[in-house]
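Pasting data16.cif here (mmCIF, C-alpha atoms):
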data_final
#
loop_
_atom_site.group_PDB
_atom_site.id
_atom_site.type_symbol
_atom_site.label_atom_id
_atom_site.label_comp_id
_atom_site.auth_asym_id
_atom_site.auth_seq_id
_atom_site.Cartn_x
_atom_site.Cartn_y
_atom_site.Cartn_z
ATOM 1 C CA MET A 1237 -28.495 -4.200 30.896
ATOM 2 C CA LYS A 1238 -27.377 -0.613 31.418
ATOM 3 C CA GLU A 1239 -25.629 -1.468 34.699
ATOM 4 C CA GLU A 1240 -23.951 -4.446 33.127
ATOM 5 C CA ILE A 1241 -22.669 -2.289 30.290
ATOM 6 C CA ARG A 1242 -21.434 0.296 32.818
ATOM 7 C CA LYS A 1243 -19.496 -2.448 34.599
ATOM 8 C CA TYR A 1244 -18.000 -3.605 31.312
ATOM 9 C CA ILE A 1245 -17.019 -0.022 30.479
ATOM 10 C CA THR A 1246 -15.268 0.370 33.861
ATOM 11 C CA ASN A 1247 -13.416 -2.895 33.312
ATOM 12 C CA TYR A 1248 -12.582 -1.849 29.777
ATOM 13 C CA PHE A 1249 -10.952 1.455 30.723
ATOM 14 C CA GLU A 1250 -9.083 -0.193 33.574
ATOM 15 C CA GLY A 1251 -7.627 -2.637 31.057
ATOM 16 C CA CYS A 1252 -9.062 -5.727 32.770
ATOM 17 C CA SER A 1253 -12.087 -6.545 30.614
ATOM 18 C CA THR A 1254 -12.454 -9.963 29.022
ATOM 19 C CA LEU A 1255 -12.795 -10.530 25.287
ATOM 20 C CA GLU A 1256 -16.450 -11.459 25.816
ATOM 21 C CA GLU A 1257 -17.141 -8.207 27.657
ATOM 22 C CA GLU A 1258 -15.446 -6.215 24.889
ATOM 23 C CA LYS A 1259 -17.472 -8.071 22.290
ATOM 24 C CA ALA A 1260 -20.635 -7.268 24.210
ATOM 25 C CA LEU A 1261 -19.646 -3.588 24.356
ATOM 26 C CA ARG A 1262 -19.111 -3.457 20.594
ATOM 27 C CA ALA A 1263 -22.429 -5.175 19.971
ATOM 28 C CA TYR A 1264 -24.263 -2.839 22.356
ATOM 29 C CA PHE A 1265 -22.799 0.373 20.985
ATOM 30 C CA THR A 1266 -23.327 -0.547 17.352
ATOM 31 C CA SER A 1267 -26.987 -1.218 17.989
ATOM 32 C CA ASN A 1268 -29.577 1.555 17.713
ATOM 33 C CA ASP A 1269 -30.609 1.068 21.334
ATOM 34 C CA VAL A 1270 -27.894 2.913 23.241
ATOM 35 C CA ASP A 1271 -28.817 4.594 26.514
ATOM 36 C CA GLU A 1272 -28.593 8.403 26.461
ATOM 37 C CA GLU A 1273 -26.121 8.429 29.369
ATOM 38 C CA LEU A 1274 -23.768 6.070 27.587
ATOM 39 C CA LEU A 1275 -23.859 7.777 24.219
ATOM 40 C CA GLU A 1276 -20.455 9.373 24.780
ATOM 41 C CA TYR A 1277 -18.811 5.946 24.371
ATOM 42 C CA GLN A 1278 -20.620 5.068 21.180
ATOM 43 C CA PRO A 1279 -18.127 6.642 18.722
ATOM 44 C CA LEU A 1280 -15.252 4.647 20.211
ATOM 45 C CA PHE A 1281 -16.867 1.226 19.940
ATOM 46 C CA SER A 1282 -18.410 2.074 16.586
ATOM 47 C CA LEU A 1283 -14.951 2.997 15.380
ATOM 48 C CA TYR A 1284 -13.598 -0.369 16.542
ATOM 49 C CA GLN A 1285 -16.437 -2.152 14.805
ATOM 50 C CA GLN A 1286 -15.873 -0.186 11.629
ATOM 51 C CA GLU A 1287 -12.132 -0.847 11.670
ATOM 52 C CA GLN A 1288 -12.824 -4.540 12.110
ATOM 53 C CA GLU A 1289 -14.718 -4.526 8.831
ATOM 54 C CA VAL A 1290 -11.828 -3.118 6.776
ATOM 55 C CA LYS A 1291 -10.826 -5.583 4.056
ATOM 56 C CA MET A 1292 -7.679 -5.882 2.062
ATOM 57 C CA PRO A 1293 -8.149 -3.897 -1.191
ATOM 58 C CA ALA A 1294 -9.427 -6.071 -4.009
ATOM 59 C CA ASP A 1295 -6.805 -4.707 -6.406
ATOM 60 C CA MET A 1296 -4.022 -6.270 -4.360
ATOM 61 C CA LYS A 1297 -2.512 -9.104 -6.366
ATOM 62 C CA ILE A 1298 -1.114 -11.803 -4.141
ATOM 63 C CA ILE A 1299 0.208 -14.594 -6.282
ATOM 64 C CA LEU A 1300 0.596 -14.910 -10.010
ATOM 65 C CA SER A 1301 -0.845 -17.928 -11.769
ATOM 66 C CA ASP A 1302 2.591 -19.441 -12.335
ATOM 67 C CA GLY A 1303 3.012 -19.852 -8.593
ATOM 68 C CA LYS A 1304 5.488 -17.035 -8.129
ATOM 69 C CA PRO A 1305 4.650 -14.328 -5.604
ATOM 70 C CA TYR A 1306 3.640 -10.966 -6.940
ATOM 71 C CA ARG A 1307 6.243 -8.331 -6.213
ATOM 72 C CA PRO A 1308 5.150 -4.780 -5.445
ATOM 73 C CA HIS A 1309 6.520 -2.046 -7.719
ATOM 74 C CA HIS A 1310 8.874 -0.720 -5.103
ATOM 75 C CA TYR A 1311 10.173 -4.238 -4.538
ATOM 76 C CA ARG A 1312 11.046 -4.700 -8.191
ATOM 77 C CA PHE A 1313 12.537 -1.217 -8.339
ATOM 78 C CA ARG A 1314 14.493 -1.911 -5.166
ATOM 79 C CA ASN A 1315 15.914 -5.070 -6.759
ATOM 80 C CA TRP A 1316 16.851 -3.181 -9.895
ATOM 81 C CA LYS A 1317 18.551 -0.506 -7.800
ATOM 82 C CA MET A 1318 20.390 -3.176 -5.839
ATOM 83 C CA TYR A 1319 21.699 -4.792 -9.025
ATOM 84 C CA ALA A 1320 22.821 -1.420 -10.422
ATOM 85 C CA ALA A 1321 24.547 -0.516 -7.144
ATOM 86 C CA GLY A 1322 26.261 -3.925 -7.111
ATOM 87 C CA ILE A 1323 27.562 -3.535 -10.655
ATOM 88 C CA ALA A 1324 28.811 0.000 -9.931
ATOM 89 C CA ALA A 1325 30.526 -1.140 -6.726
ATOM 90 C CA SER A 1326 32.224 -4.043 -8.542
ATOM 91 C CA PHE A 1327 33.416 -1.689 -11.266
ATOM 92 C CA VAL A 1328 34.919 0.718 -8.701
ATOM 93 C CA LEU A 1329 36.557 -2.199 -6.874
ATOM 94 C CA ILE A 1330 38.163 -3.582 -10.051
ATOM 95 C CA ILE A 1331 39.519 -0.146 -11.041
ATOM 96 C CA SER A 1332 40.832 0.442 -7.505
ATOM 97 C CA LEU A 1333 42.566 -2.948 -7.393
ATOM 98 C CA TYR A 1334 44.124 -2.334 -10.799
ATOM 99 C CA PHE A 1335 45.664 0.961 -9.630
ATOM 100 C CA ILE A 1336 46.771 -0.532 -6.293
ATOM 101 C CA PHE A 1337 48.725 -3.284 -8.048
ATOM 102 C CA ASN A 1338 49.757 -1.148 -11.043
ATOM 103 C CA PRO A 1339 50.464 2.320 -9.664
ATOM 104 C CA PRO A 1340 50.445 4.972 -12.381
ATOM 105 C CA THR A 1341 53.912 6.106 -13.558
ATOM 106 C CA HIS A 1342 54.801 9.757 -13.672
ATOM 107 C CA GLU A 1343 55.249 9.464 -17.407
ATOM 108 C CA LEU A 1344 51.498 9.047 -17.582
ATOM 109 C CA LEU A 1345 50.825 11.982 -15.348
ATOM 110 C CA CYS A 1346 53.129 14.700 -16.791
ATOM 111 C CA GLU A 1347 54.209 15.804 -20.232
ATOM 112 C CA ASN A 1348 57.931 16.532 -19.444
ATOM 113 C CA TYR A 1349 59.964 14.718 -16.845
ATOM 114 C CA VAL A 1350 63.495 13.765 -15.823
ATOM 115 C CA VAL A 1351 64.717 10.653 -14.052
ATOM 116 C CA VAL A 1352 67.225 11.236 -11.236
ATOM 117 C CA ASN A 1353 68.626 8.184 -9.477
ATOM 118 C CA GLY A 1354 65.597 6.152 -10.664
ATOM 119 C CA GLU A 1355 63.126 8.795 -9.454
ATOM 120 C CA THR A 1356 60.839 10.434 -12.050
ATOM 121 C CA ILE A 1357 60.443 14.179 -11.489
ATOM 122 C CA CYS A 1358 57.919 16.358 -13.290
ATOM 123 C CA ASP A 1359 58.210 19.603 -11.332
ATOM 124 C CA ILE A 1360 60.384 22.055 -13.260
ATOM 125 C CA ASP A 1361 61.479 23.878 -10.059
ATOM 126 C CA ILE A 1362 62.744 20.649 -8.506
ATOM 127 C CA VAL A 1363 64.518 19.776 -11.767
ATOM 128 C CA ASN A 1364 66.171 23.224 -11.806
ATOM 129 C CA GLN A 1365 67.211 22.759 -8.186
ATOM 130 C CA TYR A 1366 68.780 19.390 -9.026
ATOM 131 C CA THR A 1367 70.577 20.903 -12.024
ATOM 132 C CA ASP A 1368 71.931 23.803 -9.932
ATOM 133 C CA ASP A 1369 73.146 21.400 -7.243
ATOM 134 C CA VAL A 1370 74.908 19.218 -9.793
ATOM 135 C CA MET A 1371 76.483 22.241 -11.518
ATOM 136 C CA ASN A 1372 77.702 23.547 -8.161
ATOM 137 C CA LYS A 1373 79.237 20.178 -7.370
ATOM 138 C CA ILE A 1374 80.984 20.128 -10.772
ATOM 139 C CA ASP A 1375 82.186 23.672 -10.125
ATOM 140 C CA GLU A 1376 83.590 22.668 -6.739
ATOM 141 C CA LEU A 1377 85.313 19.644 -8.244
ATOM 142 C CA LEU A 1378 86.863 21.775 -11.013
ATOM 143 C CA ASN A 1379 88.080 24.330 -8.462
ATOM 144 C CA GLU A 1380 89.640 21.580 -6.372
ATOM 145 C CA SER A 1381 91.288 20.122 -9.498
ATOM 146 C CA ASP A 1382 92.673 23.561 -10.385
ATOM 147 C CA LYS A 1383 94.131 23.929 -6.896
ATOM 148 C CA ILE A 1384 95.766 20.512 -7.051
ATOM 149 C CA LEU A 1385 97.262 21.236 -10.474
ATOM 150 C CA GLU A 1386 98.488 24.602 -9.270
ATOM 151 C CA GLU A 1387 100.182 23.034 -6.214
ATOM 152 C CA GLN A 1388 101.717 20.336 -8.351
ATOM 153 C CA GLY A 1389 103.080 23.040 -10.727
ATOM 154 C CA LYS A 1390 104.629 24.927 -7.825
ATOM 155 C CA MET A 1391 106.266 21.761 -6.470
ATOM 156 C CA MET A 1392 107.663 20.905 -9.892
ATOM 157 C CA LYS A 1393 109.149 24.421 -10.169
ATOM 158 C CA GLU A 1394 110.725 24.151 -6.688
ATOM 159 C CA PHE A 1395 112.456 20.895 -7.481
ATOM 160 C CA ASN A 1396 113.164 21.840 -11.109
ATOM 161 C CA ILE A 1397 111.288 18.777 -12.176
ATOM 162 C CA SER A 1398 110.217 20.559 -15.324
ATOM 163 C CA ASP A 1399 113.651 19.957 -16.842
ATOM 164 C CA LEU A 1400 113.351 16.227 -16.483
ATOM 165 C CA MET B 1446 -0.927 -20.820 -6.875
ATOM 166 C CA ASN B 1447 0.852 -24.054 -6.207
ATOM 167 C CA ASP B 1448 1.606 -23.612 -2.548
ATOM 168 C CA LYS B 1449 -1.399 -25.153 -0.838
ATOM 169 C CA ASN B 1450 -0.040 -24.518 2.624
ATOM 170 C CA PHE B 1451 0.245 -20.832 1.882
ATOM 171 C CA ALA B 1452 -3.333 -20.691 0.614
ATOM 172 C CA ARG B 1453 -4.606 -22.604 3.626
ATOM 173 C CA LYS B 1454 -2.653 -20.967 6.419
ATOM 174 C CA ILE B 1455 -1.738 -17.461 5.330
ATOM 175 C CA LEU B 1456 -4.214 -16.199 2.747
ATOM 176 C CA PRO B 1457 -7.184 -16.351 5.146
ATOM 177 C CA LEU B 1458 -5.300 -13.912 7.389
ATOM 178 C CA SER B 1459 -4.862 -11.347 4.587
ATOM 179 C CA ASP B 1460 -7.536 -8.907 5.808
ATOM 180 C CA GLN B 1461 -6.305 -9.090 9.379
ATOM 181 C CA LEU B 1462 -2.689 -8.580 8.302
ATOM 182 C CA TYR B 1463 -3.653 -5.660 6.085
ATOM 183 C CA ARG B 1464 -5.621 -3.986 8.906
ATOM 184 C CA PHE B 1465 -2.706 -4.469 11.266
ATOM 185 C CA ALA B 1466 -0.237 -2.926 8.797
ATOM 186 C CA LEU B 1467 -2.687 -0.088 8.154
ATOM 187 C CA SER B 1468 -3.019 0.606 11.884
ATOM 188 C CA ILE B 1469 0.743 1.055 12.165
ATOM 189 C CA LEU B 1470 1.477 2.809 8.878
ATOM 190 C CA LYS B 1471 -1.771 4.763 8.476
ATOM 191 C CA ASP B 1472 -1.319 4.605 4.724
ATOM 192 C CA SER B 1473 -3.133 2.132 2.497
ATOM 193 C CA GLU B 1474 -0.440 1.834 -0.201
ATOM 194 C CA ASN B 1475 2.344 1.290 2.299
ATOM 195 C CA ALA B 1476 0.207 -1.226 4.190
ATOM 196 C CA LYS B 1477 -0.435 -3.161 0.969
ATOM 197 C CA ASP B 1478 3.265 -3.128 0.116
ATOM 198 C CA CYS B 1479 4.197 -4.360 3.575
ATOM 199 C CA VAL B 1480 1.755 -7.265 3.382
ATOM 200 C CA GLN B 1481 3.105 -8.103 -0.089
ATOM 201 C CA ASP B 1482 6.637 -8.025 1.259
ATOM 202 C CA LEU B 1483 5.558 -10.337 4.052
ATOM 203 C CA PHE B 1484 4.018 -12.811 1.601
ATOM 204 C CA VAL B 1485 7.108 -12.757 -0.616
ATOM 205 C CA LYS B 1486 9.311 -13.327 2.418
ATOM 206 C CA MET B 1487 7.153 -16.192 3.687
ATOM 207 C CA ILE B 1488 7.221 -17.908 0.296
ATOM 208 C CA GLU B 1489 10.813 -17.343 -0.712
ATOM 209 C CA LYS B 1490 12.870 -17.059 2.473
ATOM 210 C CA ASP B 1491 11.229 -17.829 5.760
ATOM 211 C CA ARG B 1492 9.208 -21.053 5.785
ATOM 212 C CA ARG B 1493 8.993 -21.449 9.582
ATOM 213 C CA TRP B 1494 5.250 -20.799 9.463
ATOM 214 C CA GLU B 1495 4.728 -24.162 7.744
ATOM 215 C CA GLU B 1496 5.480 -26.008 10.966
ATOM 216 C CA MET B 1497 3.079 -23.873 13.012
ATOM 217 C CA ASP B 1498 -0.541 -24.798 13.585
ATOM 218 C CA ASN B 1499 -1.530 -21.181 13.973
ATOM 219 C CA PRO B 1500 1.045 -18.855 12.412
ATOM 220 C CA LYS B 1501 -0.993 -15.692 13.037
ATOM 221 C CA SER B 1502 1.127 -14.378 15.926
ATOM 222 C CA PHE B 1503 4.344 -15.149 14.062
ATOM 223 C CA LEU B 1504 3.142 -13.383 10.900
ATOM 224 C CA MET B 1505 1.985 -10.360 12.868
ATOM 225 C CA PHE B 1506 5.313 -10.230 14.680
ATOM 226 C CA VAL B 1507 7.228 -10.210 11.370
ATOM 227 C CA LEU B 1508 4.769 -7.770 9.799
ATOM 228 C CA ARG B 1509 5.062 -5.358 12.718
ATOM 229 C CA ASN B 1510 8.847 -5.289 12.376
ATOM 230 C CA GLN B 1511 8.530 -4.662 8.641
ATOM 231 C CA CYS B 1512 6.051 -1.841 9.249
ATOM 232 C CA ILE B 1513 8.285 -0.237 11.868
ATOM 233 C CA ASP B 1514 11.235 -0.416 9.448
ATOM 234 C CA ARG B 1515 9.107 1.200 6.784
ATOM 235 C CA LEU B 1516 7.918 3.895 9.193
ATOM 236 C CA ARG B 1517 11.527 4.785 9.862
ATOM 237 C CA THR B 1518 12.234 5.197 6.165
ATOM 238 C CA THR B 1519 9.019 6.756 4.879
ATOM 239 C CA LYS B 1520 7.789 8.705 7.930
ATOM 240 C CA SER B 1521 4.338 8.445 6.443
ATOM 241 C CA HIS B 1522 1.601 9.475 8.817
ATOM 242 C CA GLU B 1523 -1.241 10.097 6.479
ATOM 243 C CA SER B 1524 -4.621 9.163 7.811
ATOM 244 C CA THR B 1525 -6.983 7.037 5.818
ATOM 245 C CA ASP B 1526 -10.494 8.088 4.949
ATOM 246 C CA LEU B 1527 -13.325 6.930 7.077
ATOM 247 C CA GLU B 1528 -16.217 5.093 5.536
ATOM 248 C CA LEU B 1529 -18.796 5.091 8.223
ATOM 249 C CA VAL B 1530 -21.333 2.486 9.093
ATOM 250 C CA ASN B 1531 -24.861 3.631 9.865
ATOM 251 C CA HIS B 1532 -25.460 3.342 13.576
ATOM 252 C CA ALA B 1533 -26.911 6.719 14.473
ATOM 253 C CA PRO B 1534 -30.579 7.290 13.900
ATOM 254 C CA ASN B 1535 -30.660 10.797 12.446
ATOM 255 C CA PRO B 1536 -28.448 12.794 10.081
ATOM 256 C CA HIS B 1537 -27.387 15.288 12.745
ATOM 257 C CA GLN B 1538 -26.314 12.567 15.194
ATOM 258 C CA LYS B 1539 -24.744 10.737 12.314
ATOM 259 C CA MET B 1540 -22.614 13.734 11.457
ATOM 260 C CA GLU B 1541 -21.664 14.293 15.089
ATOM 261 C CA GLN B 1542 -20.734 10.655 15.481
ATOM 262 C CA LYS B 1543 -18.780 10.720 12.273
ATOM 263 C CA GLU B 1544 -16.823 13.698 13.499
ATOM 264 C CA SER B 1545 -16.232 12.094 16.931
ATOM 265 C CA MET B 1546 -15.050 8.886 15.308
ATOM 266 C CA ARG B 1547 -12.707 10.826 13.067
ATOM 267 C CA MET B 1548 -11.246 12.643 16.054
ATOM 268 C CA ILE B 1549 -10.874 9.473 18.125
ATOM 269 C CA LYS B 1550 -9.208 7.708 15.246
ATOM 270 C CA GLN B 1551 -6.894 10.645 14.785
ATOM 271 C CA TYR B 1552 -6.172 10.655 18.512
ATOM 272 C CA ILE B 1553 -5.410 6.924 18.595
ATOM 273 C CA GLY B 1554 -3.010 7.600 15.725
ATOM 274 C CA THR B 1555 -1.055 9.963 17.953
ATOM 275 C CA LEU B 1556 -0.534 7.374 20.712
ATOM 276 C CA PRO B 1557 2.914 5.788 21.019
ATOM 277 C CA GLU B 1558 3.356 3.004 18.463
ATOM 278 C CA ILE B 1559 3.321 0.240 21.051
ATOM 279 C CA GLN B 1560 0.059 1.457 22.647
ATOM 280 C CA ARG B 1561 -1.533 1.921 19.243
ATOM 281 C CA THR B 1562 -0.490 -1.593 18.248
ATOM 282 C CA ILE B 1563 -1.800 -3.155 21.442
ATOM 283 C CA ILE B 1564 -5.108 -1.290 21.132
ATOM 284 C CA HIS B 1565 -5.443 -2.524 17.565
ATOM 285 C CA LEU B 1566 -4.610 -6.117 18.384
ATOM 286 C CA ARG B 1567 -6.952 -6.243 21.352
ATOM 287 C CA ASP B 1568 -9.859 -3.966 20.495
ATOM 288 C CA ILE B 1569 -10.051 -4.434 16.748
ATOM 289 C CA GLU B 1570 -8.599 -7.875 16.139
ATOM 290 C CA GLY B 1571 -9.835 -9.281 19.450
ATOM 291 C CA LEU B 1572 -6.651 -11.174 20.284
ATOM 292 C CA GLU B 1573 -5.898 -12.749 23.659
ATOM 293 C CA ILE B 1574 -3.234 -11.026 25.766
ATOM 294 C CA ALA B 1575 -0.994 -14.104 25.404
ATOM 295 C CA GLU B 1576 -1.056 -13.725 21.609
ATOM 296 C CA ILE B 1577 -0.286 -10.011 21.875
ATOM 297 C CA THR B 1578 2.755 -10.698 24.065
ATOM 298 C CA GLU B 1579 4.189 -12.886 21.294
ATOM 299 C CA ILE B 1580 3.623 -10.268 18.624
ATOM 300 C CA VAL B 1581 5.048 -7.293 20.493
ATOM 301 C CA SER B 1582 7.734 -9.269 22.404
ATOM 302 C CA MET B 1583 6.669 -7.979 25.819
ATOM 303 C CA THR B 1584 5.636 -9.539 29.090
ATOM 304 C CA GLU B 1585 1.963 -9.988 29.877
ATOM 305 C CA ASN B 1586 2.202 -7.385 32.601
ATOM 306 C CA ALA B 1587 3.770 -4.821 30.259
ATOM 307 C CA VAL B 1588 1.016 -5.441 27.709
ATOM 308 C CA TYR B 1589 -1.660 -4.901 30.387
ATOM 309 C CA VAL B 1590 0.036 -1.689 31.550
ATOM 310 C CA ASN B 1591 0.238 -0.301 28.002
ATOM 311 C CA LEU B 1592 -3.314 -1.335 27.218
ATOM 312 C CA SER B 1593 -4.616 0.304 30.367
ATOM 313 C CA ARG B 1594 -2.640 3.520 29.757
ATOM 314 C CA ALA B 1595 -3.826 3.757 26.165
ATOM 315 C CA ARG B 1596 -7.452 3.239 27.173
ATOM 316 C CA GLN B 1597 -7.166 5.811 29.953
ATOM 317 C CA LYS B 1598 -5.872 8.351 27.449
ATOM 318 C CA ILE B 1599 -8.722 7.528 25.078
ATOM 319 C CA ARG B 1600 -11.208 7.953 27.929
ATOM 320 C CA GLU B 1601 -9.767 11.375 28.719
ATOM 321 C CA LYS B 1602 -10.114 12.323 25.080
ATOM 322 C CA LEU B 1603 -13.728 11.087 25.030
ATOM 323 C CA ASN B 1604 -14.504 13.138 28.161
ATOM 324 C CA TYR B 1605 -12.902 16.158 26.574
ATOM 325 C CA LEU B 1606 -14.897 15.747 23.364
ATOM 326 C CA ASN B 1607 -18.076 15.224 25.338
ATOM 327 C CA ASN B 1608 -17.607 18.350 27.446
ATOM 328 C CA LYS B 1609 -16.712 20.583 24.505
#

Mind converting the file's structure to C-alpha cells?
Amino acid sequence: MKEEIRKYITNYFEGCSTLEEEKALRAYFTSNDVDEELLEYQPLFSLYQQEQEVKMPADMKIILSDGKPYRPHHYRFRNWKMYAAGIAASFVLIISLYFIFNPPTHELLCENYVVVNGETICDIDIVNQYTDDVMNKIDELLNESDKILEEQGKMMKEFNISDL
Amino acid sequence: MNDKNFARKILPLSDQLYRFALSILKDSENAKDCVQDLFVKMIEKDRRWEEMDNPKSFLMFVLRNQCIDRLRTTKSHESTDLELVNHAPNPHQKMEQKESMRMIKQYIGTLPEIQRTIIHLRDIEGLEIAEITEIVSMTENAVYVNLSRARQKIREKLNYLNNK
C-alpha cells in the first residue's frame, strides 16, 4: 500500500497521475492510517478534500418565486447607475446640440455692445479703436475736401470767375 | 422557478461553480455575486447551454472570465477562513496540520491565476484534462505543463514547511 501511494505521489507531482490515482491519494491521506514517512503530504490532500466539501452559502438566493432571477445588490445598483449615467449623457448631448445649431449671440454674453459691419463687439478697447479709426478717416476726408475747396477758390480767383 | 431546464442543468452545479469562483476570487461575497451574475446571464441573455448535454465546461469558462474581470476591478485577494475537517488524531497534530493547510492554501493563492485555476479544476473538482482545456482555452499540453509546474512549486513548499 505504502509503495503504491509513493508511486501515486511521484506521478502526482510530475503532473501525470490519473484521476483514480488522485482520488486514491485523497482517500488515503484523509484516513487516520497515514504512514509516518508520508505525513508531510497529508495537509495538501486534506486541504483538497476540505475544499471539495465547500458548499454554496445557504443565504444565496438564486431565483425568485415569480421566475425572475435574483439580482445581487451590486447588480441592481449597477443598473441604477447605468440609467443615471444614460440620462445625464442624453441631457448633455441635447444641450450641446442646441448650442451647436443655435450659437449664442454676443447680446446674450455682454451687457454693452456695438455692431460694426454686422459683427457684434463687446470689448470696449476694440470699440474705441474702431471709433478712432473712423474719426481719423473722417478727418482725412475733411482735410482733402478743404484742400479741394481751397484749390478751386484759387482757380476761380485766377480766372476772375468770382465776378460771373 | 419556471425554467425547468435551468433547474435541471445548472442548479446542480451551483456548489461547484461557487467553489470555482471562490478559488479565483478568494472572497466569498464576490464569488457569490459572480455566480449570481452567471445565472442572470444564462437566464436572460445567453441560452446556449440549453443545447448542451453537459454545460459544465461552458459555464465554468464563462464564470472564469467573469471572475477575472471582477479581479481586475476589485483587486480583492482576501483569504477565506478555514473550517477544518478532523483527520489528525491528537490536538497537537491537529493544530500543526491546520497551520500547514492554512499555509499551503495561502501559497496556492499566490500561484499565477492560470496555475491556481488548473489546480482547482483538477485536484478539487476532479475534472478530466480535456474538460480543463475547454474552460481555460489552452491546449492539452499547455494544461499539463501548468499543472506540473504548479504541483512542483507546491512540493517545494511542502518540503520547505517540513524541514522548518

Atom CA of Ile1455 of chain B and atom CA of Phe1484 of chain B, how far apart in Å?
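The value is 8.3 Å.
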
As JSON, please report the centre and edge lengths, rounded to one decimal in Å, of the axis-aligned box that holds all listed atoms of segment 1497-1504 of chain B with 6 Å of padding on each of the six sides.
{"center_x": 1.4, "center_y": -19.1, "center_z": 13.4, "size_x": 17.9, "size_y": 23.4, "size_z": 17.0}

Using only C-alpha atoms, can you list as an NGL selection string the residues within 12 Å of (-8.6, -9.7, 18.8)?
(:A and (1254-1256 or 1258-1259 or 1284-1285 or 1287-1288)) or (:B and (1461 or 1464-1465 or 1501-1502 or 1562-1577))

Please write the residues picked by the PyMOL selection byres ((chain B) within 9 of (chain A)) on this file as a VMD selection string.
chain B and resid 1446 to 1448 1456 1459 to 1464 1473 1477 to 1478 1481 to 1482 1484 to 1485 1488 to 1489 1527 to 1534 1542 to 1547 1549 to 1550 1565 1567 to 1573 1589 to 1597 1599 to 1600 1603 to 1604 1606 to 1607

Atom CA of Met1505 of chain B to atom CA of Ser1253 of chain A, distance in Å rounded to a single decimal
23.0 Å

Have a look at atom CA of Lys1390 of chain A and atom CA of Asp1375 of chain A and let me know their distance in Å, one decimal.
22.6 Å

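The shortest atom-to-atom distance to Met1583 of chain B, with only C-alpha atoms taken into account, belongs to B:Phe1506 out of B:Phe1506, B:Asp1514, B:Asn1450, B:Trp1494.
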
Nearest residue to Ala1260 of chain A out of A:Met1391, A:Val1350, A:Ile1241, A:Ile1331, using only C-alpha atoms?
A:Ile1241
